[in-house]
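Data from final.txt: compact mmCIF, C-alpha atoms and all ligand atoms
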```
# COMPACT_ATOMS: atom_id res chain seq x y z
CA MET A 7 32.82 -1.38 -1.70
CA THR A 8 30.66 1.20 -3.45
CA LEU A 9 27.67 2.54 -1.57
CA ARG A 10 24.43 2.98 -3.55
CA PRO A 11 22.17 5.11 -1.33
CA GLY A 12 18.63 3.78 -1.33
CA LEU A 13 19.94 0.69 -3.16
CA GLU A 14 19.09 2.44 -6.42
CA GLY A 15 19.72 0.10 -9.34
CA VAL A 16 21.02 -2.69 -7.09
CA PRO A 17 19.25 -6.02 -7.73
CA VAL A 18 18.69 -7.83 -4.42
CA THR A 19 16.55 -10.71 -5.60
CA GLN A 20 15.09 -12.40 -8.66
CA SER A 21 11.34 -12.17 -9.06
CA ALA A 22 8.75 -13.41 -11.55
CA ILE A 23 5.83 -11.44 -10.11
CA CYS A 24 5.79 -7.98 -11.61
CA ASP A 25 7.68 -6.09 -14.28
CA ILE A 26 8.02 -2.34 -14.67
CA ASP A 27 9.27 -0.56 -17.78
CA GLY A 28 9.84 2.89 -16.34
CA LEU A 29 10.80 4.48 -19.64
CA GLN A 30 7.76 3.31 -21.58
CA GLY A 31 5.40 3.46 -18.59
CA ASN A 32 4.44 -0.22 -18.77
CA LEU A 33 3.53 -2.40 -15.81
CA THR A 34 2.66 -6.10 -15.89
CA TYR A 35 1.62 -8.58 -13.20
CA ARG A 36 2.77 -12.09 -14.12
CA GLY A 37 2.96 -10.91 -17.73
CA TYR A 38 -0.52 -9.37 -17.91
CA PRO A 39 -0.67 -5.60 -18.63
CA ILE A 40 -2.06 -3.62 -15.70
CA GLY A 41 -4.64 -1.91 -17.92
CA GLU A 42 -6.12 -5.26 -18.95
CA LEU A 43 -6.30 -6.53 -15.40
CA ALA A 44 -7.80 -3.27 -14.10
CA SER A 45 -10.57 -3.38 -16.68
CA GLN A 46 -11.23 -7.15 -16.90
CA SER A 47 -10.17 -8.82 -13.67
CA SER A 48 -11.34 -8.63 -10.06
CA PHE A 49 -9.14 -7.93 -7.07
CA LEU A 50 -9.45 -11.51 -5.76
CA GLU A 51 -8.68 -12.98 -9.16
CA THR A 52 -5.63 -10.69 -9.45
CA THR A 53 -4.56 -11.68 -5.93
CA TYR A 54 -4.69 -15.34 -6.93
CA LEU A 55 -2.70 -14.57 -10.09
CA LEU A 56 -0.02 -12.67 -8.17
CA ILE A 57 0.41 -15.29 -5.47
CA TRP A 58 0.11 -18.53 -7.46
CA GLY A 59 1.42 -17.29 -10.80
CA ASP A 60 -1.53 -18.02 -13.13
CA LEU A 61 -5.10 -16.89 -13.45
CA PRO A 62 -7.35 -19.29 -11.54
CA SER A 63 -9.74 -21.70 -13.25
CA PRO A 64 -13.43 -20.85 -12.63
CA GLN A 65 -13.53 -23.50 -9.86
CA GLN A 66 -10.30 -22.29 -8.25
CA LEU A 67 -11.64 -18.74 -8.25
CA ARG A 68 -14.98 -19.78 -6.76
CA ASP A 69 -13.19 -21.73 -4.03
CA PHE A 70 -10.82 -18.86 -3.26
CA GLU A 71 -13.66 -16.31 -3.12
CA ALA A 72 -15.69 -18.62 -0.88
CA GLU A 73 -12.76 -19.20 1.49
CA VAL A 74 -12.04 -15.49 1.72
CA GLN A 75 -15.70 -14.78 2.38
CA MET A 76 -15.74 -17.39 5.17
CA HIS A 77 -12.76 -15.84 6.97
CA ARG A 78 -13.78 -12.18 6.87
CA ARG A 79 -14.81 -12.01 10.51
CA VAL A 80 -12.23 -11.12 13.13
CA SER A 81 -12.18 -12.44 16.68
CA PHE A 82 -13.94 -10.38 19.34
CA ARG A 83 -10.54 -10.29 21.07
CA VAL A 84 -9.08 -8.32 18.15
CA ARG A 85 -12.07 -5.97 18.24
CA ASP A 86 -11.66 -5.54 22.00
CA MET A 87 -7.97 -4.83 21.52
CA MET A 88 -8.87 -2.12 19.02
CA LYS A 89 -11.23 -0.56 21.55
CA CYS A 90 -8.18 0.03 23.75
CA PHE A 91 -6.35 1.92 21.01
CA PRO A 92 -6.44 5.73 21.25
CA ALA A 93 -9.10 7.03 18.86
CA SER A 94 -6.68 9.78 17.82
CA GLY A 95 -4.05 7.27 16.68
CA HIS A 96 -3.33 6.79 13.00
CA PRO A 97 -5.25 3.86 11.44
CA MET A 98 -2.00 2.55 9.91
CA ASP A 99 -0.63 2.03 13.42
CA ALA A 100 -3.85 0.27 14.39
CA LEU A 101 -3.60 -1.92 11.29
CA GLN A 102 0.03 -2.79 11.93
CA SER A 103 -0.81 -3.88 15.48
CA CYS A 104 -3.84 -5.89 14.36
CA ALA A 105 -1.93 -7.63 11.56
CA ALA A 106 0.83 -8.58 14.01
CA SER A 107 -1.74 -9.80 16.53
CA LEU A 108 -2.97 -12.45 14.06
CA GLY A 109 0.33 -14.22 14.72
CA LEU A 110 -0.88 -14.77 18.29
CA PHE A 111 -4.08 -16.41 17.13
CA TYR A 112 -2.52 -18.56 14.42
CA SER A 113 0.80 -19.33 16.02
CA ARG A 114 1.44 -22.72 14.41
CA ARG A 115 4.12 -22.04 11.83
CA ALA A 116 4.48 -24.47 8.92
CA ILE A 117 5.83 -22.36 6.12
CA ASP A 118 6.89 -25.36 4.03
CA ASN A 119 3.31 -26.64 3.93
CA PRO A 120 1.29 -25.37 0.89
CA GLN A 121 -1.97 -25.66 2.84
CA TYR A 122 -0.54 -23.44 5.62
CA ILE A 123 0.44 -20.87 2.98
CA TYR A 124 -3.01 -21.00 1.37
CA ASP A 125 -4.77 -20.62 4.73
CA ALA A 126 -2.55 -17.71 5.79
CA VAL A 127 -3.16 -15.94 2.45
CA VAL A 128 -6.91 -16.42 2.81
CA ARG A 129 -6.91 -15.13 6.39
CA LEU A 130 -4.86 -12.03 5.65
CA ILE A 131 -6.71 -11.11 2.47
CA ALA A 132 -10.03 -11.68 4.25
CA LYS A 133 -9.36 -10.02 7.60
CA ILE A 134 -7.30 -6.93 6.78
CA PRO A 135 -10.30 -5.03 5.28
CA THR A 136 -12.47 -6.02 8.25
CA MET A 137 -9.86 -4.65 10.62
CA VAL A 138 -9.55 -1.36 8.74
CA ALA A 139 -13.33 -0.87 8.72
CA ALA A 140 -13.69 -1.94 12.36
CA PHE A 141 -11.13 0.58 13.61
CA GLN A 142 -12.92 3.33 11.71
CA LEU A 143 -16.21 2.62 13.51
CA ILE A 144 -14.58 1.94 16.88
CA ARG A 145 -12.75 5.26 16.90
CA LYS A 146 -16.10 6.98 16.26
CA GLY A 147 -17.39 5.25 19.40
CA GLN A 148 -19.49 2.70 17.48
CA ASP A 149 -19.45 -1.07 17.34
CA PRO A 150 -17.99 -2.50 14.13
CA ILE A 151 -20.50 -4.03 11.76
CA GLN A 152 -20.19 -7.61 10.63
CA PRO A 153 -19.31 -8.49 7.04
CA ARG A 154 -22.26 -9.29 4.79
CA ASP A 155 -22.05 -12.63 3.05
CA ASP A 156 -24.18 -11.53 0.11
CA LEU A 157 -21.70 -8.80 -0.83
CA ALA A 158 -18.54 -9.35 -2.86
CA TYR A 159 -15.13 -8.37 -1.49
CA SER A 160 -15.01 -4.67 -2.38
CA ALA A 161 -18.72 -3.99 -1.94
CA ASN A 162 -18.52 -5.58 1.50
CA PHE A 163 -15.55 -3.45 2.56
CA LEU A 164 -17.30 -0.22 1.53
CA TYR A 165 -20.41 -1.42 3.36
CA MET A 166 -18.49 -2.19 6.57
CA LEU A 167 -16.76 1.17 6.37
CA THR A 168 -19.60 3.49 5.42
CA GLU A 169 -22.44 1.46 6.98
CA LYS A 170 -24.42 1.54 3.77
CA GLU A 171 -24.51 -0.54 0.64
CA GLN A 172 -22.78 1.35 -2.15
CA ASP A 173 -23.77 1.79 -5.77
CA PRO A 174 -22.35 -1.14 -7.84
CA LEU A 175 -20.33 1.34 -9.95
CA ALA A 176 -18.62 2.68 -6.82
CA SER A 177 -17.82 -0.86 -5.65
CA ARG A 178 -16.45 -1.82 -9.06
CA ILE A 179 -14.28 1.29 -9.22
CA PHE A 180 -12.97 0.56 -5.74
CA ASP A 181 -12.18 -3.02 -6.80
CA ARG A 182 -10.26 -1.66 -9.79
CA CYS A 183 -8.28 0.63 -7.45
CA LEU A 184 -7.32 -2.43 -5.41
CA ILE A 185 -6.05 -4.15 -8.57
CA LEU A 186 -3.95 -1.10 -9.44
CA HIS A 187 -2.29 -0.98 -6.02
CA ALA A 188 -1.83 -4.73 -5.53
CA GLU A 189 1.81 -5.06 -6.53
CA HIS A 190 4.76 -2.98 -7.66
CA SER A 191 7.98 -5.02 -7.44
CA LEU A 192 10.58 -4.13 -4.84
CA ASN A 193 9.17 -0.91 -3.42
CA ALA A 194 10.13 -0.15 0.18
CA SER A 195 7.30 -2.07 1.87
CA THR A 196 7.72 -5.13 -0.36
CA PHE A 197 11.44 -5.12 0.32
CA SER A 198 10.60 -4.89 4.00
CA ALA A 199 8.24 -7.86 3.60
CA ARG A 200 10.94 -9.91 1.86
CA VAL A 201 13.58 -9.08 4.46
CA THR A 202 11.20 -10.15 7.23
CA ALA A 203 10.16 -13.25 5.26
CA SER A 204 13.80 -14.21 4.80
CA THR A 205 14.10 -14.86 8.55
CA LEU A 206 11.38 -17.55 8.13
CA THR A 207 9.09 -15.80 10.58
CA ASP A 208 5.31 -16.06 10.22
CA PRO A 209 3.33 -14.26 7.47
CA TYR A 210 1.57 -12.01 9.99
CA ALA A 211 4.91 -10.54 11.04
CA VAL A 212 5.80 -10.20 7.35
CA VAL A 213 2.64 -8.19 6.65
CA ALA A 214 2.95 -6.16 9.87
CA SER A 215 6.48 -5.07 8.97
CA ALA A 216 5.35 -4.12 5.47
CA VAL A 217 2.41 -2.10 6.83
CA GLY A 218 4.82 -0.13 9.02
CA THR A 219 6.98 0.64 6.01
CA LEU A 220 4.06 1.59 3.78
CA ALA A 221 2.92 4.19 6.32
CA GLY A 222 5.67 6.71 5.59
CA PRO A 223 5.00 9.88 3.57
CA LEU A 224 7.58 8.97 0.94
CA HIS A 225 5.71 5.73 0.25
CA GLY A 226 2.00 4.96 0.78
CA GLY A 227 1.42 7.98 3.01
CA ALA A 228 1.85 10.35 0.05
CA ASN A 229 -1.80 10.00 -1.03
CA GLU A 230 -2.97 11.75 2.15
CA ASP A 231 -0.51 14.57 1.60
CA VAL A 232 -1.63 15.06 -2.00
CA LEU A 233 -5.14 16.10 -0.96
CA ALA A 234 -3.77 18.41 1.75
CA MET A 235 -1.54 19.99 -0.90
CA LEU A 236 -4.39 20.43 -3.40
CA GLU A 237 -6.48 22.08 -0.70
CA GLU A 238 -3.59 24.36 0.21
CA ILE A 239 -3.30 25.41 -3.45
CA GLY A 240 -7.05 26.03 -3.45
CA SER A 241 -7.74 26.92 -7.08
CA PRO A 242 -6.35 25.96 -10.51
CA GLU A 243 -4.81 29.37 -11.26
CA LYS A 244 -2.63 29.16 -8.14
CA ALA A 245 -1.02 25.87 -9.19
CA GLY A 246 1.88 27.50 -11.08
CA VAL A 247 2.85 29.79 -8.18
CA TYR A 248 2.70 26.88 -5.73
CA LEU A 249 4.92 24.81 -7.95
CA ASP A 250 7.48 27.59 -8.43
CA LYS A 251 7.70 28.07 -4.68
CA ALA A 252 8.02 24.35 -4.00
CA ILE A 253 10.79 24.00 -6.59
CA ALA A 254 12.61 27.11 -5.34
CA ASN A 255 12.49 25.77 -1.76
CA LYS A 256 13.51 22.28 -2.88
CA LEU A 257 10.28 20.81 -1.53
CA LYS A 258 8.88 17.57 -2.88
CA VAL A 259 5.60 17.93 -4.72
CA MET A 260 3.51 15.12 -3.29
CA GLY A 261 2.21 12.52 -5.73
CA PHE A 262 5.02 13.26 -8.19
CA GLY A 263 8.20 11.36 -8.93
CA HIS A 264 9.10 7.71 -8.81
CA ARG A 265 12.30 5.73 -8.54
CA GLU A 266 11.29 3.55 -11.49
CA TYR A 267 9.23 5.76 -13.82
CA ARG A 268 10.55 8.54 -16.00
CA VAL A 269 7.10 9.05 -17.54
CA LYS A 270 3.61 9.27 -16.06
CA ASP A 271 2.89 6.22 -13.91
CA PRO A 272 0.42 4.06 -15.92
CA ARG A 273 -1.61 3.57 -12.74
CA ALA A 274 -1.99 7.34 -12.37
CA SER A 275 -3.50 7.51 -15.88
CA ILE A 276 -6.01 4.76 -15.06
CA LEU A 277 -6.85 6.33 -11.69
CA GLN A 278 -7.47 9.61 -13.43
CA GLU A 279 -9.97 7.87 -15.73
CA LEU A 280 -11.63 6.24 -12.72
CA ALA A 281 -11.86 9.63 -11.01
CA GLU A 282 -13.56 11.07 -14.08
CA GLU A 283 -15.98 8.13 -14.20
CA LEU A 284 -16.90 8.71 -10.57
CA PHE A 285 -17.30 12.47 -10.99
CA ALA A 286 -19.52 11.96 -14.06
CA ARG A 287 -21.83 9.76 -12.02
CA PHE A 288 -21.70 11.23 -8.52
CA GLY A 289 -20.72 14.86 -9.05
CA LYS A 290 -17.48 16.83 -9.41
CA ASP A 291 -14.71 17.39 -6.89
CA GLU A 292 -13.30 20.89 -7.24
CA MET A 293 -9.86 19.69 -6.27
CA TYR A 294 -9.75 17.67 -9.49
CA GLU A 295 -9.40 20.89 -11.48
CA VAL A 296 -6.54 21.94 -9.18
CA ALA A 297 -4.90 18.53 -9.69
CA LYS A 298 -5.14 18.81 -13.48
CA ALA A 299 -3.72 22.33 -13.41
CA LEU A 300 -0.85 21.20 -11.20
CA GLU A 301 -0.08 18.27 -13.48
CA ASN A 302 -0.12 20.60 -16.47
CA GLU A 303 2.23 23.12 -14.85
CA ALA A 304 4.50 20.35 -13.60
CA THR A 305 4.86 18.89 -17.09
CA HIS A 306 6.97 21.91 -18.09
CA ARG A 307 8.82 22.37 -14.82
CA LEU A 308 9.41 18.81 -13.52
CA GLY A 309 8.79 16.75 -16.67
CA PRO A 310 12.25 17.42 -18.14
CA LYS A 311 13.72 15.75 -15.01
CA GLY A 312 11.48 12.71 -15.54
CA ILE A 313 9.16 13.65 -12.67
CA PHE A 314 5.48 12.96 -13.41
CA PRO A 315 2.37 12.01 -11.41
CA ASN A 316 2.65 8.70 -9.58
CA VAL A 317 -0.05 6.32 -8.32
CA ASP A 318 -0.79 8.53 -5.33
CA PHE A 319 -1.64 11.66 -7.27
CA TYR A 320 -5.20 10.82 -8.30
CA SER A 321 -6.01 7.99 -5.88
CA GLY A 322 -6.94 10.33 -3.02
CA LEU A 323 -9.54 12.08 -5.18
CA VAL A 324 -11.07 8.71 -6.06
CA TYR A 325 -11.11 7.54 -2.46
CA ARG A 326 -12.62 10.79 -1.22
CA LYS A 327 -15.45 10.46 -3.73
CA LEU A 328 -16.03 6.92 -2.48
CA GLY A 329 -16.55 8.30 1.03
CA ILE A 330 -13.25 7.06 2.45
CA PRO A 331 -11.78 9.33 5.15
CA ARG A 332 -8.36 10.78 4.34
CA ASP A 333 -6.37 8.94 6.98
CA LEU A 334 -7.73 5.65 5.66
CA PHE A 335 -6.21 6.14 2.21
CA THR A 336 -3.01 4.38 3.21
CA PRO A 337 -4.76 1.52 5.06
CA VAL A 338 -6.82 1.03 1.88
CA PHE A 339 -3.54 0.88 -0.04
CA ALA A 340 -2.44 -1.80 2.45
CA ILE A 341 -5.64 -3.83 1.88
CA SER A 342 -4.60 -4.09 -1.73
CA ARG A 343 -0.82 -4.38 -1.38
CA VAL A 344 -1.12 -7.30 1.00
CA ALA A 345 -1.63 -9.36 -2.18
CA GLY A 346 1.79 -8.32 -3.51
CA TRP A 347 3.48 -8.75 -0.13
CA LEU A 348 2.13 -12.29 0.14
CA ALA A 349 3.22 -13.10 -3.41
CA HIS A 350 6.74 -11.99 -2.47
CA TRP A 351 6.54 -13.91 0.82
CA ARG A 352 5.76 -17.09 -1.09
CA GLU A 353 8.43 -16.40 -3.69
CA GLN A 354 11.03 -15.64 -1.01
CA LEU A 355 10.30 -18.93 0.75
CA GLY A 356 10.84 -20.75 -2.54
CA ALA A 357 14.51 -19.72 -2.76
CA ASN A 358 15.37 -18.27 0.60
CA ARG A 359 18.59 -16.84 1.88
CA ILE A 360 18.42 -14.46 4.83
CA PHE A 361 19.02 -10.81 3.86
CA ARG A 362 22.13 -9.53 5.54
CA PRO A 363 23.69 -6.66 3.56
CA SER A 364 26.94 -5.06 4.55
CA GLN A 365 27.76 -1.48 5.53
CA ILE A 366 30.63 0.93 5.25
CA TYR A 367 31.58 1.83 8.80
CA THR A 368 32.10 5.57 9.34
CA GLY A 369 32.24 5.70 13.16
CA VAL A 370 35.24 6.28 15.44
CA GLN A 371 37.93 3.64 15.69
CA ALA A 372 38.40 1.53 18.83
CA ARG A 373 38.73 3.56 22.07
CA ARG A 374 38.72 2.87 25.80
CA TRP A 375 35.83 3.21 28.23
CA MET A 376 36.40 5.96 30.85
CA PRO A 377 34.77 6.51 34.25
CA PRO A 378 32.13 9.32 34.13
CA GLU A 379 34.26 11.83 36.12
CA GLU A 380 37.07 11.58 33.59
CA ARG A 381 34.80 12.34 30.61
CA ASN A 382 34.70 15.78 29.14
CA GLN A 383 32.10 15.65 26.44
CA THR A 384 29.10 17.52 25.17
CA ARG A 385 26.36 15.31 23.79
CA ASN A 386 26.28 14.79 20.10
CA ASN A 387 22.67 14.63 19.00
N1 LIG B 401 8.84 17.02 -6.39
C1 LIG B 401 9.91 17.79 -6.73
N2 LIG B 401 11.12 17.27 -7.01
C2 LIG B 401 11.25 15.95 -6.95
C3 LIG B 401 10.19 15.10 -6.62
C4 LIG B 401 8.95 15.70 -6.34
N3 LIG B 401 7.89 14.95 -5.99
N4 LIG B 401 10.60 13.82 -6.64
C5 LIG B 401 11.90 13.86 -6.97
N5 LIG B 401 12.29 15.14 -7.15
C6 LIG B 401 13.64 15.59 -7.52
C7 LIG B 401 14.51 15.67 -6.26
O1 LIG B 401 14.44 16.92 -5.64
C8 LIG B 401 15.86 15.36 -6.84
O2 LIG B 401 16.32 16.53 -7.48
P1 LIG B 401 17.89 16.92 -7.46
O3 LIG B 401 18.56 15.79 -8.17
O4 LIG B 401 17.94 18.21 -8.18
O5 LIG B 401 18.27 17.00 -6.03
C9 LIG B 401 15.59 14.34 -7.93
O6 LIG B 401 14.24 14.60 -8.34
C10 LIG B 401 15.68 12.90 -7.45
O7 LIG B 401 14.86 12.76 -6.29
P2 LIG B 401 15.05 11.65 -5.20
O8 LIG B 401 14.30 12.03 -3.97
O9 LIG B 401 16.52 11.36 -5.04
O10 LIG B 401 14.37 10.43 -5.93
P3 LIG B 401 14.07 9.04 -5.27
O11 LIG B 401 14.05 8.06 -6.38
O12 LIG B 401 14.99 8.78 -4.12
O13 LIG B 401 12.63 9.23 -4.66
C11 LIG B 401 10.30 9.41 -4.44
C12 LIG B 401 11.45 8.79 -5.23
C13 LIG B 401 9.00 8.78 -4.91
C14 LIG B 401 10.48 9.07 -2.93
C15 LIG B 401 10.29 10.93 -4.66
O14 LIG B 401 10.01 11.20 -6.01
C16 LIG B 401 9.30 11.64 -3.76
O15 LIG B 401 9.65 11.95 -2.61
N6 LIG B 401 8.06 11.94 -4.25
C17 LIG B 401 7.06 12.57 -3.43
C18 LIG B 401 6.40 11.57 -2.51
C19 LIG B 401 5.51 10.62 -3.25
O16 LIG B 401 4.68 11.01 -4.05
N7 LIG B 401 5.68 9.33 -2.93
C20 LIG B 401 4.85 8.28 -3.52
C21 LIG B 401 5.68 7.37 -4.35
S1 LIG B 401 4.66 6.24 -5.24
```
Transcribe the structure of this file into structure tokens.
Ligand code: COA
Amino acid sequence: MTLRPGLEGVPVTQSAICDIDGLQGNLTYRGYPIGELASQSSFLETTYLLIWGDLPSPQQLRDFEAEVQMHRRVSFRVRDMMKCFPASGHPMDALQSCAASLGLFYSRRAIDNPQYIYDAVVRLIAKIPTMVAAFQLIRKGQDPIQPRDDLAYSANFLYMLTEKEQDPLASRIFDRCLILHAEHSLNASTFSARVTASTLTDPYAVVASAVGTLAGPLHGGANEDVLAMLEEIGSPEKAGVYLDKAIANKLKVMGFGHREYRVKDPRASILQELAEELFARFGKDEMYEVAKALENEATHRLGPKGIFPNVDFYSGLVYRKLGIPRDLFTPVFAISRVAGWLAHWREQLGANRIFRPSQIYTGVQARRWMPPEERNQTRNN
């Protein structure tokens, strides 16, 4: 048996959802180029496409949007549960708990019933944003505000989060960000979702496990670290020195590198355009100049190794301009990625076999238990 750490290059499933060409920097969802979807589609339309395989008809889209709108509210019990969470806790932990708690409310499991799948998709897509926004207000000591039925999906989320109706351009840019983050083949959280799905558990457990995986700094959590890094660098002329130090100390430069891409992540290019659109309308962010300088310096130093900006590099700057607090960047990523996780959940159920990989055992061979007084060991941490 040959071990491939991180399962690099090891296919573990077949999938018809998303395709990445890491050498050319191309990404498609169900065959549609990401650039086209990000400029023409809406997040809910893209969600429908990812999960059911084709773009919806106008009636299917209207029905889906209406269903999602109807299920945006969360039970007062979930809100009360959130009030018991420590305000200092990370919102990803709050989200993971809330997503898992939905399994308590909708405990009937009928995963071979298409209507059950549709209803679960609608609930998760509808309620996850409400939960993220509610925790934000609750931890500030406020009551969450109810969704507004006259606002579309993204505009409503920004409203629930910031307590004010946002400019339509801001809402549209946020919606485009959700499209960009909705799916990316077998990244760690999606793999986690598929492994959990393969046990035939409920979709709330599937999403909760994926949220936990997305939280890590090597995955979704990198977008928070990028802004901290840009602030640490402070000004564009210090980018080169920072990079040299990071490379010399073998530190990862956050927002750079990807298992699949050897060129700039196409989503990073679109996010950079969105950032510029936002800055042109609502004013500059000084850290953008630092980011550009860092990307420029990194092209010479990391580019030859195929390390370029990934999706997380510019997303934080966009989210900050939209008034989203830094520790909500990853929960916002989750709002979007739940579409991809659910697409993989559905696909996994269609041809399921439980994931059960093997290992290469490296521990000690069989030995005998000894009474405590006969042991002479120091603890191995
Ligand atoms: N900065 C500096 N060097 C990097 C790097 C980065 N961001 N990402 C990878 N490298 C280097 C590694 O040091 C390693 O070099 P070596 O072969 O000389 O030891 C080589 O590239 C391979 O890195 P590795 O960590 O094995 O790649 P991976 O495919 O396992 O990891 C990531 C992919 C995304 C986890 C990794 O690039 C990373 O940690 N990036 C920063 C975090 C981030 O932005 N995550 C968001 C991903 S969308």
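When all atoms listed in the file are used to compute distances to A:Arg115, the closest of the residues A:Leu206, A:Leu167, A:Ala140, A:Leu192 turns out to be A:Leu206.
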Among the residues A:Ser342, A:Asn162, A:Asn302, A:Ser321, the one that comes closest to ligand LIG 401 (chain B) [using all atoms listed in the file]: A:Ser321
First collect every listed atom of ligand LIG 401 (chain B); then fit an axis-aligned box around them, widen it by 5 Å on each side, and give centre and edge lengths in Å to one decimal, as AutoDock Vina command-line options.
```
--center_x 11.6 --center_y 12.2 --center_z -5.4 --size_x 23.9 --size_y 22.0 --size_z 15.8
```
Go through stretch 132-233 of chain A residue by residue and, counting all atoms listed in the file, keep those with an atom at most 8 Å from stretch 334-339 of chain A; for each kept residue give the shortest atom pair and its distance in Å to one decimal, ordered by chain and increasing number, as CSV.
```
residue,atom,partner,partner_atom,distance
A:Pro135,CA,A:Val338,CA,7.8
A:Val138,CA,A:Pro337,CA,6.7
A:Leu184,CA,A:Phe339,CA,7.4
A:His187,CA,A:Phe339,CA,6.4
A:Leu220,CA,A:Thr336,CA,7.6
A:Ala221,CA,A:Thr336,CA,6.7
A:Gly226,CA,A:Thr336,CA,5.6
A:Gly227,CA,A:Thr336,CA,5.7
A:Asn229,CA,A:Phe335,CA,6.7
A:Glu230,CA,A:Phe335,CA,6.5
```
Which one is closest to ligand LIG 401 (chain B): A:Phe180, A:Phe319, A:Phe49, A:Tyr35? Count only C-alpha atoms and all ligand atoms. A:Phe319
Could you list, as a PDB file with C-alpha atoms, keeping the file's coordinate frame, all protein and nucleic acid residues with an atom at most 7 Å from ligand LIG 401 (chain B), counting only C-alpha atoms and all ligand atoms?
```
ATOM      1  CA  GLY A  12      18.630   3.780  -1.330  1.00  0.00           C
ATOM      2  CA  PRO A 223       5.000   9.880   3.570  1.00  0.00           C
ATOM      3  CA  LEU A 224       7.580   8.970   0.940  1.00  0.00           C
ATOM      4  CA  HIS A 225       5.710   5.730   0.250  1.00  0.00           C
ATOM      5  CA  GLY A 226       2.000   4.960   0.780  1.00  0.00           C
ATOM      6  CA  ALA A 228       1.850  10.350   0.050  1.00  0.00           C
ATOM      7  CA  ILE A 253      10.790  24.000  -6.590  1.00  0.00           C
ATOM      8  CA  LYS A 256      13.510  22.280  -2.880  1.00  0.00           C
ATOM      9  CA  LEU A 257      10.280  20.810  -1.530  1.00  0.00           C
ATOM     10  CA  LYS A 258       8.880  17.570  -2.880  1.00  0.00           C
ATOM     11  CA  VAL A 259       5.600  17.930  -4.720  1.00  0.00           C
ATOM     12  CA  MET A 260       3.510  15.120  -3.290  1.00  0.00           C
ATOM     13  CA  GLY A 261       2.210  12.520  -5.730  1.00  0.00           C
ATOM     14  CA  PHE A 262       5.020  13.260  -8.190  1.00  0.00           C
ATOM     15  CA  GLY A 263       8.200  11.360  -8.930  1.00  0.00           C
ATOM     16  CA  HIS A 264       9.100   7.710  -8.810  1.00  0.00           C
ATOM     17  CA  ARG A 265      12.300   5.730  -8.540  1.00  0.00           C
ATOM     18  CA  LEU A 308       9.410  18.810 -13.520  1.00  0.00           C
ATOM     19  CA  LYS A 311      13.720  15.750 -15.010  1.00  0.00           C
ATOM     20  CA  ILE A 313       9.160  13.650 -12.670  1.00  0.00           C
ATOM     21  CA  ASN A 316       2.650   8.700  -9.580  1.00  0.00           C
ATOM     22  CA  VAL A 317      -0.050   6.320  -8.320  1.00  0.00           C
ATOM     23  CA  ASP A 318      -0.790   8.530  -5.330  1.00  0.00           C
TER      24      ASP A 318
END
```
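For the pair atom CA of A:Gly346 and atom CA of A:Asp25, the separation is 12.5 Å.
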Selection: 8 Å around A:Val80, all atoms listed in the file, excl. self and same-chain fewer than 4 positions, as a PDB file with C-alpha atoms, in the coordinates of the input:
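Output (out09.pdb):
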```pdb
ATOM      1  CA  VAL A  84      -9.080  -8.320  18.150  1.00  0.00           C
ATOM      2  CA  ARG A  85     -12.070  -5.970  18.240  1.00  0.00           C
ATOM      3  CA  LYS A 133      -9.360 -10.020   7.600  1.00  0.00           C
ATOM      4  CA  THR A 136     -12.470  -6.020   8.250  1.00  0.00           C
ATOM      5  CA  MET A 137      -9.860  -4.650  10.620  1.00  0.00           C
TER       6      MET A 137
END
```
A:Glu292, A:Asp86, A:Glu238, A:Asp155 ranked by distance to A:Phe141, top pick (using all atoms listed in the file):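 Closest to A:Phe141, using all atoms listed in the file: A:Asp86.
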Using only C-alpha atoms, which of A:Arg114, A:Arg178, A:Arg78, A:Arg373 sits nearest A:Gln46?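 When distances to A:Gln46 are compared using only C-alpha atoms, the smallest one comes from A:Arg178.
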Considering only C-alpha atoms, can you say which of A:Thr53, A:Ser107, A:Gln75, A:Gln383 comes closest to A:Val127?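 Going through A:Thr53, A:Ser107, A:Gln75, A:Gln383 one by one, the smallest distance to A:Val127 is for A:Thr53.
Distance-wise, atom CA of A:Phe111 and atom CA of A:Trp58 end up 25.0 Å apart.
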Close residues, A:Pro310 itself excluded, 10 Å, only C-alpha atoms, min 4 positions apart in chain, as JSON, numbers by chain: {"A": [268, 269, 304, 305, 306, 314]}
